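Participant: Structure file target-v5.cif (mmCIF, C-alpha atoms) right here:
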```cif
data_structure
loop_
_atom_site.label_atom_id
_atom_site.label_comp_id
_atom_site.auth_asym_id
_atom_site.auth_seq_id
_atom_site.Cartn_x
_atom_site.Cartn_y
_atom_site.Cartn_z
CA MET A 1062 220.14 162.15 186.49
CA SER A 1063 218.91 165.14 188.40
CA GLN A 1064 221.78 167.49 187.84
CA ILE A 1065 219.55 170.50 188.28
CA ASP A 1066 220.78 173.15 190.66
CA GLU A 1067 218.91 173.16 193.98
CA LYS A 1068 218.61 176.96 194.02
CA LEU A 1069 217.19 176.99 190.52
CA ARG A 1070 214.75 174.23 191.41
CA THR A 1071 213.54 176.19 194.45
CA GLU A 1072 213.20 179.31 192.38
CA LEU A 1073 211.25 177.47 189.70
CA GLN A 1074 208.97 175.93 192.33
CA ARG A 1075 208.27 179.42 193.66
CA GLN A 1076 207.12 180.31 190.17
CA GLY A 1077 204.87 177.27 190.00
CA VAL A 1078 207.13 175.05 187.91
CA TRP A 1079 207.91 171.72 189.41
CA VAL A 1080 211.08 170.13 188.05
CA THR A 1081 212.03 166.61 188.91
CA SER A 1082 213.89 163.65 187.48
CA MET A 1083 212.52 160.42 186.13
CA GLN A 1084 214.23 158.55 188.94
CA ASP A 1085 212.72 160.68 191.69
CA LEU A 1086 209.27 160.44 190.18
CA TYR A 1087 209.57 156.69 189.71
CA ASN A 1088 210.81 156.06 193.23
CA TRP A 1089 208.26 158.45 194.70
CA GLY A 1090 205.54 156.40 193.10
CA ARG A 1091 207.03 153.08 194.13
CA LYS A 1092 207.70 153.94 197.74
CA ASN A 1093 204.18 155.23 198.34
CA SER A 1094 202.38 152.14 197.12
CA ILE A 1095 204.12 149.15 198.59
CA TRP A 1096 201.72 146.23 198.54
CA PRO A 1097 202.55 143.62 201.16
CA LEU A 1098 201.90 139.92 200.72
CA GLN A 1099 199.03 138.86 202.93
CA PHE A 1100 200.25 136.11 205.20
CA GLY A 1101 201.16 135.77 208.84
CA LEU A 1102 202.99 133.00 210.64
CA ALA A 1103 202.59 133.55 214.38
CA CYS A 1104 201.81 136.15 217.02
CA CYS A 1105 203.73 138.87 215.12
CA ALA A 1106 200.98 138.63 212.52
CA ILE A 1107 198.53 139.97 215.10
CA GLU A 1108 200.69 143.08 215.44
CA MET A 1109 200.89 143.30 211.66
CA ILE A 1110 197.09 143.17 211.50
CA ALA A 1111 196.93 145.90 214.16
CA THR A 1112 199.31 147.96 212.04
CA ALA A 1113 196.99 147.59 209.09
CA ALA A 1114 193.87 148.42 211.10
CA SER A 1115 192.47 151.84 211.91
CA ARG A 1116 194.50 152.76 215.00
CA TYR A 1117 197.96 152.56 213.40
CA ASP A 1118 196.82 152.53 209.79
CA ILE A 1119 199.61 151.56 207.47
CA ALA A 1120 197.47 153.08 204.70
CA ARG A 1121 198.98 156.44 205.65
CA PHE A 1122 202.20 155.14 204.10
CA GLY A 1123 200.60 153.50 201.10
CA GLY A 1124 200.90 149.92 202.33
CA GLU A 1125 197.32 149.01 203.01
CA VAL A 1126 196.70 146.83 199.97
CA PHE A 1127 197.55 143.40 201.33
CA ARG A 1128 197.57 141.08 198.34
CA PRO A 1129 196.71 137.40 198.65
CA SER A 1130 198.83 136.56 195.60
CA PRO A 1131 202.62 136.82 195.45
CA ARG A 1132 202.33 137.93 191.81
CA GLN A 1133 200.79 141.21 192.93
CA ALA A 1134 202.90 141.87 196.01
CA ASP A 1135 205.98 144.05 196.41
CA LEU A 1136 206.78 143.37 200.02
CA MET A 1137 206.97 140.20 202.07
CA ILE A 1138 206.52 140.78 205.79
CA VAL A 1139 207.78 137.61 207.47
CA ALA A 1140 205.73 138.04 210.63
CA GLY A 1141 206.44 135.24 213.05
CA THR A 1142 208.21 131.96 213.66
CA VAL A 1143 209.35 130.22 210.51
CA THR A 1144 209.31 126.49 211.13
CA LYS A 1145 211.57 124.30 209.06
CA LYS A 1146 208.47 122.71 207.59
CA MET A 1147 207.23 126.14 206.46
CA ALA A 1148 210.56 127.54 205.20
CA PRO A 1149 210.42 126.02 201.67
CA GLN A 1150 206.97 127.52 201.15
CA ILE A 1151 208.21 130.97 202.24
CA VAL A 1152 211.10 130.78 199.79
CA ARG A 1153 208.74 129.61 197.05
CA LEU A 1154 206.40 132.53 197.71
CA TYR A 1155 209.37 134.90 197.58
CA ASN A 1156 210.45 133.38 194.26
CA GLN A 1157 206.97 133.90 192.84
CA MET A 1158 206.96 137.61 193.65
CA ALA A 1159 207.81 139.93 190.79
CA ASP A 1160 210.81 142.25 190.94
CA PRO A 1161 211.34 144.69 192.56
CA LYS A 1162 210.59 142.90 195.81
CA TYR A 1163 211.49 143.57 199.41
CA VAL A 1164 211.46 141.61 202.65
CA ILE A 1165 210.88 142.77 206.21
CA ALA A 1166 211.80 140.17 208.84
CA MET A 1167 209.52 141.02 211.72
CA GLY A 1168 210.25 139.91 215.25
CA ALA A 1169 212.83 137.84 217.09
CA CYS A 1170 211.76 134.53 215.50
CA ALA A 1171 211.90 135.72 211.91
CA ILE A 1172 215.33 137.29 212.35
CA SER A 1173 217.02 134.58 214.43
CA GLY A 1174 214.65 131.90 215.67
CA GLY A 1175 214.05 133.93 218.82
CA PRO A 1176 213.06 132.05 221.96
CA PHE A 1177 212.71 128.89 219.88
CA LYS A 1178 216.21 129.12 218.41
CA GLN A 1179 217.31 125.84 219.96
CA GLY A 1180 214.13 124.04 218.90
CA TYR A 1181 214.26 121.11 216.53
CA ASN A 1182 211.77 122.51 214.03
CA VAL A 1183 212.50 126.26 214.02
CA LEU A 1184 214.50 127.99 211.33
CA LYS A 1185 217.16 130.24 212.82
CA GLY A 1186 216.13 133.28 210.79
CA ILE A 1187 214.60 133.63 207.33
CA ASP A 1188 217.76 135.44 206.16
CA ARG A 1189 219.29 131.98 205.79
CA TYR A 1190 217.43 131.55 202.51
CA ILE A 1191 216.28 134.93 201.18
CA PRO A 1192 217.81 138.42 201.35
CA VAL A 1193 216.17 140.61 203.99
CA ASP A 1194 215.98 144.40 203.66
CA VAL A 1195 214.83 145.44 207.13
CA PHE A 1196 215.11 143.46 210.38
CA ILE A 1197 212.84 144.37 213.30
CA PRO A 1198 213.74 142.99 216.74
CA GLY A 1199 211.07 142.55 219.39
CA CYS A 1200 208.80 139.83 220.67
CA PRO A 1201 206.50 140.86 219.14
CA PRO A 1202 207.51 144.30 217.84
CA ARG A 1203 204.95 147.01 218.43
CA PRO A 1204 203.02 148.36 215.43
CA GLU A 1205 205.14 151.52 215.65
CA ALA A 1206 208.22 149.37 215.06
CA LEU A 1207 206.67 147.88 211.94
CA LEU A 1208 205.76 151.36 210.73
CA HIS A 1209 209.33 152.44 211.40
CA ALA A 1210 210.61 149.49 209.38
CA PHE A 1211 208.18 150.41 206.63
CA MET A 1212 209.53 153.98 206.59
CA GLU A 1213 213.10 152.65 206.52
CA LEU A 1214 212.14 150.59 203.51
CA GLN A 1215 210.63 153.67 201.85
CA ARG A 1216 213.90 155.50 202.51
CA LYS A 1217 215.78 152.63 200.91
CA ILE A 1218 213.52 152.60 197.85
CA ASP A 1219 213.89 156.38 197.55
CA GLY A 1220 217.66 156.03 197.43
CA GLN A 1221 217.74 153.34 194.76
CA LYS A 1222 219.30 154.46 191.49
CA LEU A 1223 217.89 153.48 188.11
CA THR A 1224 221.02 153.87 186.02
CA GLY A 1225 224.76 153.80 186.41
CA THR A 1226 227.05 151.22 187.93
CA ASP A 1227 225.53 151.64 191.39
CA LYS A 1228 221.98 151.09 190.19
CA ALA A 1229 219.56 149.05 192.25
CA GLU A 1230 220.13 145.30 192.53
CA PHE A 1231 216.86 144.35 190.89
CA LEU A 1232 217.85 146.19 187.70
CA LYS A 1233 221.01 144.14 187.28
CA PRO A 1234 220.22 141.11 185.13
CA GLU A 1235 223.02 139.06 186.66
CA GLN A 1236 221.58 139.41 190.16
CA PRO A 1237 219.33 136.48 191.08
CA SER A 1238 215.74 137.22 191.94
CA GLU A 1239 214.93 133.60 192.75
CA PHE A 1240 216.66 131.49 195.33
CA PRO A 1241 216.88 127.71 195.69
CA VAL A 1242 214.04 126.21 197.69
CA PRO A 1243 215.45 124.06 200.52
CA LYS A 1244 214.58 120.37 200.47
CA PHE A 1245 213.19 118.32 203.33
CA GLY A 1246 216.08 116.18 204.50
CA GLU A 1247 216.20 113.18 206.79
CA HIS A 1248 217.45 115.21 209.75
CA ASP A 1249 217.31 118.87 208.70
CA LEU A 1250 216.58 121.12 205.77
CA GLU A 1251 219.04 120.68 202.93
CA PRO A 1252 220.97 122.85 202.71
CA PRO A 1253 220.60 124.29 206.24
CA ALA A 1254 221.38 127.74 204.81
CA ASN A 1255 221.98 129.26 201.40
CA ARG A 1256 225.65 130.26 201.57
CA ASP A 1257 225.26 132.73 198.68
CA VAL A 1258 222.77 134.73 200.69
CA PHE A 1259 223.76 134.09 204.25
CA GLN A 1260 227.14 134.28 205.90
CA PRO A 1261 226.98 133.47 209.60
CA PRO A 1262 228.67 135.93 211.95
CA LYS A 1263 232.18 134.77 212.74
CA LEU A 1264 233.06 133.74 216.24
CA GLU A 1265 235.85 135.99 217.34
CA ARG A 1266 236.82 136.38 220.93
CA VAL A 1267 239.14 139.07 222.19
CA MET B 506 183.47 109.05 240.82
CA GLU B 507 184.66 105.71 242.12
CA SER B 508 188.16 105.38 243.44
CA LEU B 509 190.84 104.05 241.16
CA GLU B 510 190.90 100.78 243.14
CA GLN B 511 187.20 100.28 242.49
CA ILE B 512 187.63 101.03 238.80
CA LYS B 513 190.49 98.58 238.61
CA ALA B 514 188.50 95.85 240.38
CA ARG B 515 185.41 96.33 238.22
CA THR B 516 187.46 96.46 235.01
CA GLU B 517 189.26 93.26 235.91
CA ALA B 518 185.92 91.62 236.60
CA ALA B 519 184.53 92.78 233.26
CA VAL B 520 187.59 91.97 231.18
CA PRO B 521 188.96 88.61 232.21
CA ASP B 522 192.75 88.17 232.18
CA ALA B 523 193.31 91.93 231.97
CA LYS B 524 196.32 93.00 233.95
CA ILE B 525 195.90 96.42 235.47
CA ASP B 526 198.33 98.11 237.83
CA ILE B 527 197.82 101.31 239.73
CA LEU B 528 200.81 103.61 239.32
CA PRO B 529 201.06 105.94 242.30
CA ASN B 530 201.96 109.57 241.75
CA SER B 531 203.71 111.30 244.61
CA SER B 532 204.01 114.65 242.84
CA PRO B 533 201.84 117.61 243.93
CA SER B 534 199.19 116.70 241.36
CA GLN B 535 198.49 113.42 243.19
CA GLN B 536 197.04 111.82 240.09
CA PRO B 537 197.63 108.10 240.09
CA SER B 538 197.04 106.26 236.84
CA LEU B 539 196.09 102.83 235.58
CA LEU B 540 198.71 100.88 233.67
CA ILE B 541 196.90 98.52 231.33
CA ASP B 542 198.38 95.64 229.37
CA ASN B 543 198.52 95.96 225.61
CA GLU B 544 196.69 92.74 224.75
CA HIS B 545 193.50 93.68 226.58
CA ALA B 546 193.84 97.41 226.11
CA LEU B 547 191.01 97.70 223.58
CA ALA B 548 188.61 95.69 225.72
CA VAL B 549 189.52 97.74 228.78
CA ALA B 550 189.05 100.97 226.85
CA HIS B 551 185.65 99.80 225.59
CA PHE B 552 184.63 99.02 229.13
CA LEU B 553 185.78 102.39 230.44
CA ARG B 554 183.84 104.19 227.75
CA ASP B 555 180.64 102.14 227.82
CA ASP B 556 180.25 101.26 231.49
CA PRO B 557 177.11 103.15 232.66
CA ALA B 558 178.73 104.26 235.92
CA LEU B 559 181.94 105.48 234.31
CA ARG B 560 180.92 106.64 230.81
CA LEU B 561 184.39 108.03 230.06
CA ASP B 562 183.27 109.35 226.69
CA PHE B 563 185.85 112.12 226.24
CA CYS B 564 189.56 111.62 225.68
CA SER B 565 190.94 115.07 226.33
CA ASN B 566 194.65 114.50 225.99
CA VAL B 567 197.07 111.89 224.74
CA THR B 568 200.77 112.23 225.25
CA GLY B 569 203.94 110.20 225.26
CA VAL B 570 206.73 109.61 227.72
CA ASP B 571 210.21 108.34 226.93
CA TRP B 572 211.93 106.22 229.55
CA LEU B 573 215.56 105.45 228.86
CA ASP B 574 217.40 102.38 230.10
CA ARG B 575 218.11 102.93 233.76
CA VAL B 576 219.74 101.26 236.70
CA VAL B 577 218.00 101.32 240.04
CA LYS B 578 220.22 100.84 243.06
CA LYS B 579 218.65 99.29 246.11
CA THR B 580 220.36 99.15 249.44
CA VAL B 581 219.12 96.46 251.80
CA LYS B 582 220.41 95.76 255.28
CA VAL B 583 221.35 92.13 255.50
CA LYS B 584 222.31 90.30 258.67
CA THR B 585 225.47 88.29 258.17
CA VAL B 586 227.75 86.48 260.53
CA VAL B 587 231.25 87.93 260.46
CA ASP B 588 233.84 86.26 262.68
CA GLY B 589 231.14 84.64 264.73
CA ILE B 590 229.38 87.93 265.48
CA GLU B 591 226.09 88.81 263.83
CA LYS B 592 226.29 92.18 262.04
CA GLU B 593 224.03 94.27 259.88
CA VAL B 594 225.71 94.95 256.54
CA ASP B 595 224.42 97.12 253.71
CA GLN B 596 223.99 95.15 250.55
CA THR B 597 223.52 97.07 247.31
CA THR B 598 221.78 95.41 244.43
CA GLU B 599 221.54 96.90 240.98
CA GLU B 600 218.49 96.32 238.87
CA LYS B 601 218.65 97.18 235.19
CA ILE B 602 215.35 98.37 233.78
CA PRO B 603 215.31 98.41 229.99
CA GLY B 604 213.87 101.51 228.36
CA TYR B 605 210.36 101.76 227.00
CA LEU B 606 207.93 104.31 225.65
CA GLU B 607 204.64 105.16 227.24
CA ALA B 608 201.38 106.58 225.96
CA VAL B 609 199.19 108.39 228.48
CA TYR B 610 195.48 109.02 227.93
CA HIS B 611 193.44 111.45 230.03
CA LEU B 612 189.78 110.45 230.05
CA TYR B 613 186.79 112.44 231.22
CA SER B 614 183.07 111.87 231.22
CA MET B 615 180.84 114.49 229.67
CA ALA B 616 177.74 112.50 230.59
CA GLN B 617 178.63 111.92 234.24
CA LYS B 618 180.70 115.09 234.59
CA HIS B 619 183.67 113.45 236.23
CA GLY B 620 187.28 112.72 235.54
CA PRO B 621 190.05 112.48 234.83
CA VAL B 622 190.90 108.82 234.74
CA ILE B 623 194.43 108.42 233.45
CA ILE B 624 195.43 105.26 231.64
CA ARG B 625 198.88 104.32 230.39
CA MET B 626 200.30 101.74 228.05
CA ARG B 627 203.92 100.74 227.71
CA THR B 628 205.79 99.45 224.69
CA ALA B 629 208.06 96.43 224.84
CA ASP B 630 211.16 98.44 224.02
CA ARG B 631 212.28 101.68 222.35
CA ALA B 632 213.09 100.20 218.93
CA ALA B 633 211.18 97.68 216.83
CA GLY B 634 208.85 96.77 219.67
CA ALA B 635 207.54 100.31 220.05
CA ARG B 636 203.99 99.36 219.11
CA LEU B 637 200.71 99.96 220.90
CA PRO B 638 197.06 99.44 220.01
CA SER B 639 195.34 102.56 218.77
CA PHE B 640 192.38 104.01 220.64
CA THR B 641 191.21 106.09 217.69
CA ALA B 642 188.34 103.68 217.08
CA ILE B 643 187.11 104.27 220.62
CA TRP B 644 187.87 107.96 221.11
CA ARG B 645 188.04 109.79 217.80
CA SER B 646 189.88 112.69 219.43
CA ALA B 647 192.90 110.42 219.88
CA GLU B 648 193.56 110.34 216.13
CA PHE B 649 195.71 113.46 215.73
CA GLN B 650 197.34 113.10 219.14
CA GLU B 651 198.38 109.53 218.39
CA ARG B 652 199.86 110.82 215.13
CA GLU B 653 201.75 113.40 217.14
CA ILE B 654 203.13 110.71 219.46
CA PHE B 655 204.12 108.67 216.43
CA ASP B 656 205.85 111.73 215.00
CA LEU B 657 207.71 112.86 218.09
CA TYR B 658 208.26 109.59 219.99
CA GLY B 659 208.08 106.93 217.31
CA ILE B 660 205.36 104.73 218.81
CA ARG B 661 203.48 102.86 216.07
CA PHE B 662 199.77 102.57 216.77
CA ASP B 663 198.25 99.39 215.38
CA GLY B 664 194.80 99.98 213.95
CA HIS B 665 195.26 103.71 213.48
CA PRO B 666 193.43 104.79 210.30
CA ASP B 667 196.03 107.31 209.08
CA LEU B 668 199.35 107.00 210.85
CA ARG B 669 201.50 109.72 209.30
CA ARG B 670 203.74 112.41 210.71
CA ILE B 671 201.75 115.46 211.72
CA LEU B 672 204.26 118.13 212.76
CA MET B 673 207.51 117.19 211.03
CA TRP B 674 207.78 116.52 207.32
CA ASP B 675 207.33 113.03 205.92
CA GLU B 676 210.99 112.64 204.92
CA PHE B 677 212.13 113.28 208.48
CA GLU B 678 213.56 110.20 210.18
CA ASP B 679 214.19 111.14 213.81
CA HIS B 680 211.82 111.42 216.72
CA PRO B 681 212.69 114.76 218.32
CA MET B 682 211.03 114.31 221.71
CA ARG B 683 213.03 111.21 222.51
CA LYS B 684 215.60 111.83 225.18
CA ASP B 685 218.46 110.54 223.04
CA TYR B 686 217.57 112.73 220.03
CA VAL B 687 220.60 114.54 218.64
CA GLN B 688 219.91 117.86 216.91
CA PRO B 689 221.62 118.71 213.64
CA ASP B 690 224.66 120.77 214.49
CA ASP B 691 223.82 124.08 212.84
CA PHE B 692 225.07 126.22 215.66
CA GLU B 693 226.34 129.59 214.54
CA TRP B 694 226.54 132.27 217.13
CA GLU B 695 225.00 132.99 220.47
CA PRO B 696 225.38 136.30 222.30
CA THR B 697 225.18 134.87 225.80
CA PRO B 698 225.77 131.13 225.67
CA HIS B 699 225.41 129.10 228.84
CA ASP B 700 225.08 125.47 229.94
CA GLU B 701 224.41 123.13 227.02
CA VAL B 702 224.47 125.98 224.52
CA LEU B 703 227.91 127.00 225.78
CA ALA B 704 229.11 123.43 225.40
CA ARG B 705 227.92 123.44 221.80
CA ALA B 706 229.33 126.91 221.20
CA LYS B 707 232.78 125.82 222.34
CA GLN B 708 232.88 123.31 219.54
CA HIS B 709 232.85 126.20 217.11
CA TYR B 710 235.16 128.65 218.83
CA THR B 711 238.61 129.17 217.45
CA PRO B 712 241.11 127.71 219.90
CA ARG B 713 243.10 130.07 222.12
CA PRO B 714 245.44 127.74 223.98
CA GLU B 715 247.67 130.57 225.24
CA LEU B 716 244.69 132.12 227.04
CA ASP B 717 242.36 129.27 227.81
CA GLY B 718 244.97 126.57 228.38
CA ALA B 719 243.22 124.14 230.62
CA GLU B 720 239.81 124.88 229.15
CA LYS B 721 240.65 122.62 226.19
CA ILE B 722 238.48 124.20 223.58
CA THR B 723 238.24 122.07 220.50
CA THR B 724 237.21 122.89 216.99
CA GLN B 725 235.40 120.78 214.49
CA GLN B 726 236.88 122.31 211.36
#
```
Kindly transcribe the structure held in the file into structure tokens.
Facilitator:
Amino acid sequence: MSQIDEKLRTELQRQGVWVTSMQDLYNWGRKNSIWPLQFGLACCAIEMIATAASRYDIARFGGEVFRPSPRQADLMIVAGTVTKKMAPQIVRLYNQMADPKYVIAMGACAISGGPFKQGYNVLKGIDRYIPVDVFIPGCPPRPEALLHAFMELQRKIDGQKLTGTDKAEFLKPEQPSEFPVPKFGEHDLEPPANRDVFQPPKLERV
Amino acid sequence: MESLEQIKARTEAAVPDAKIDILPNSSPSQQPSLLIDNEHALAVAHFLRDDPALRLDFCSNVTGVDWLDRVVKKTVKVKTVVDGIEKEVDQTTEEKIPGYLEAVYHLYSMAQKHGPVIIRMRTADRAAGARLPSFTAIWRSAEFQEREIFDLYGIRFDGHPDLRRILMWDEFEDHPMRKDYVQPDDFEWEPTPHDEVLARAKQHYTPRPELDGAEKITTQQ
């Protein structure tokens, strides 16, 4: 790990010698080329497209290469309402992505079901089936909010450790990188949530 | 365009034995509709489409309506003789109307540039008898919308070329737009519950009898 003294590092940099650690270099590379999976589900996708276009330009952060294949994507931006009919496909796409992979749940629908929460065909948040790294509220969130989430994700990637007991989740072989795809049931998805991933907030009244 | 009474009269002349009723609509839209009987529905629809004066060649919208069993109370003043004196007494009669499902078609004419003419059909009941003839053969645009009605209301359309669910998955068994549809109880947490949501939320609250007392909050665990 980078045990080098900060003062020495600064002094060396002044002399034209750049000292870094493998971890910093690796994470620096990863966080500046996050390739999102190219799919949108509802109106949030329009904001995502705006974020990718010239005015907001997610390319400034290295995220402009939207890939049409989950095999080549690092980031899944769940942009919009996830219907129960669509949820198994989302989980399947997530399973097909290669590690390390990250998820941004964009907008009120993707994080909780939003205005359609009580609807019969709307999933109450994609975090019921897959782990989510960054949640963005808003209906829809502005492109700035998506950029902010993207920067939060970069910060998270930058802080991930490659070795040691507190190393990143995706480096631990016992951590699952695939999650069970829910089945179409007679009345609802089965199971309605993956209890290993999702624990509902407890109802406590004071 | 002709008035609905004229359309009804001409249709009944063209399709013998067809039973057509005009359903008034007292809402702000003021759009009365024609209730047609299921047996002659196809012949009536053919007439409406092919009649040179009507030419209703465009079916813009098909939707369903669910009518539950209901009781209509009617109060009639009846003259009766009580103790030798004639009095007016209110007499209340209850009429039970069994539930049914309805399909509503909005028809326009591209050729004549008029419309809409609204036609309705009613099923016999809300269970096994929920069948209607399909108009897909007459107006192709009805195909997906009849599938949607089948999906959400459970009306089976006889003669439909491809009657499958369109919005919900095939394994799904309920019909969510029916008024007696019960959602799966996957309630978790609501920041500001009210009305029906509050009633559902209370099922999941931990009981606090010392505070709520009379509120009688129950749990399902």
Participant: Tell me the residues of chain A close to chain B, meaning within 12 Å using only C-alpha atoms, as a PyMOL selection string.
Facilitator: chain A and resi 1144-1149+1173-1175+1178-1186+1189+1244-1254+1259-1267
Participant: Using all atoms listed in the file, which protein or nucleic acid residues come within 6 Å of range 1218-1235 of chain A? Drop anything in the same chain fewer than 3 positions from it, and give the result as a ChimeraX atom specification.
Facilitator: /A:1088,1092,1161,1215
Participant: Evaluating the PyMOL selection byres ((chain B and resi 508) around 12) on the displayed file yields which residues, as a list in words?
Facilitator: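 That selection, the PyMOL selection byres ((chain B and resi 508) around 12), comes back as Met506, Glu507, Leu509, Glu510, Gln511, Ile512, Lys513, Ala514, Arg515, Ile527, Gln536, Pro537, Ser538, Leu539, Leu559, His619, Gly620, Pro621 and Val622 of chain B.
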Participant: Determine the residue membership of the PyMOL selection byres ((chain A and resi 1198-1202) around 6) for the file above and supply it as a PDB file with C-alpha atoms, in the frame of the given file.
Facilitator:
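Contents of result04.pdb, as written:
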```
ATOM      1  CA  CYS A1105     203.730 138.870 215.120  1.00  0.00           C
ATOM      2  CA  GLY A1168     210.250 139.910 215.250  1.00  0.00           C
ATOM      3  CA  ALA A1169     212.830 137.840 217.090  1.00  0.00           C
ATOM      4  CA  ILE A1197     212.840 144.370 213.300  1.00  0.00           C
ATOM      5  CA  ARG A1203     204.950 147.010 218.430  1.00  0.00           C
ATOM      6  CA  ALA A1206     208.220 149.370 215.060  1.00  0.00           C
TER       7      ALA A1206
END
```
Participant: Using all atoms listed in the file, can you tell me which of B:Leu668, B:Ile624, B:Leu547, B:Ile590 comes closest to Leu528 in chain B?
Facilitator: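 That would be B:Ile624, the residue with the smallest distance to Leu528 in chain B.
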Participant: Which residues match the PyMOL selection byres ((chain B and resi 563) around 9) in the file above, as a list in words?
Facilitator: Arg554, Arg560, Leu561, Asp562, Cys564, Ser565, His611, Leu612, Tyr613, Ser614, Met615, Trp644 and Ser646 of chain B
Participant: To one decimal place in Å, what is the distance between CA of Ala1171 in chain A and CA of Tyr1190 in chain A?
Facilitator: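 So the two atoms, CA of Ala1171 in chain A and CA of Tyr1190 in chain A, lie 11.7 Å apart.
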Participant: Rounded to one decimal place, report the CA of Arg645 in chain B-CA of Phe662 in chain B distance in Å.
Facilitator: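 Calculated distance between CA of Arg645 in chain B and CA of Phe662 in chain B is 13.8 Å.
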Participant: For a cut-off of 12 Å around (212.8, 107.4, 219.9), file coordinates, pick out all residues using all atoms listed in the file and list them as a short mmCIF file (atom, residue, chain, number, x, y, z; two decimals) with C-alpha atoms, keeping the file's coordinate frame.
Facilitator:
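What ended up in out32.cif:
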```
data_model
loop_
_atom_site.label_atom_id
_atom_site.label_comp_id
_atom_site.auth_asym_id
_atom_site.auth_seq_id
_atom_site.Cartn_x
_atom_site.Cartn_y
_atom_site.Cartn_z
CA GLY B 569 203.94 110.20 225.26
CA VAL B 570 206.73 109.61 227.72
CA ASP B 571 210.21 108.34 226.93
CA TRP B 572 211.93 106.22 229.55
CA LEU B 573 215.56 105.45 228.86
CA GLY B 604 213.87 101.51 228.36
CA TYR B 605 210.36 101.76 227.00
CA LEU B 606 207.93 104.31 225.65
CA GLU B 607 204.64 105.16 227.24
CA THR B 628 205.79 99.45 224.69
CA ASP B 630 211.16 98.44 224.02
CA ARG B 631 212.28 101.68 222.35
CA ALA B 632 213.09 100.20 218.93
CA ALA B 633 211.18 97.68 216.83
CA GLY B 634 208.85 96.77 219.67
CA ALA B 635 207.54 100.31 220.05
CA ARG B 636 203.99 99.36 219.11
CA ILE B 654 203.13 110.71 219.46
CA PHE B 655 204.12 108.67 216.43
CA ASP B 656 205.85 111.73 215.00
CA LEU B 657 207.71 112.86 218.09
CA TYR B 658 208.26 109.59 219.99
CA GLY B 659 208.08 106.93 217.31
CA ILE B 660 205.36 104.73 218.81
CA ARG B 661 203.48 102.86 216.07
CA GLU B 678 213.56 110.20 210.18
CA ASP B 679 214.19 111.14 213.81
CA HIS B 680 211.82 111.42 216.72
CA PRO B 681 212.69 114.76 218.32
CA MET B 682 211.03 114.31 221.71
CA ARG B 683 213.03 111.21 222.51
CA LYS B 684 215.60 111.83 225.18
CA ASP B 685 218.46 110.54 223.04
CA TYR B 686 217.57 112.73 220.03
CA VAL B 687 220.60 114.54 218.64
#
```
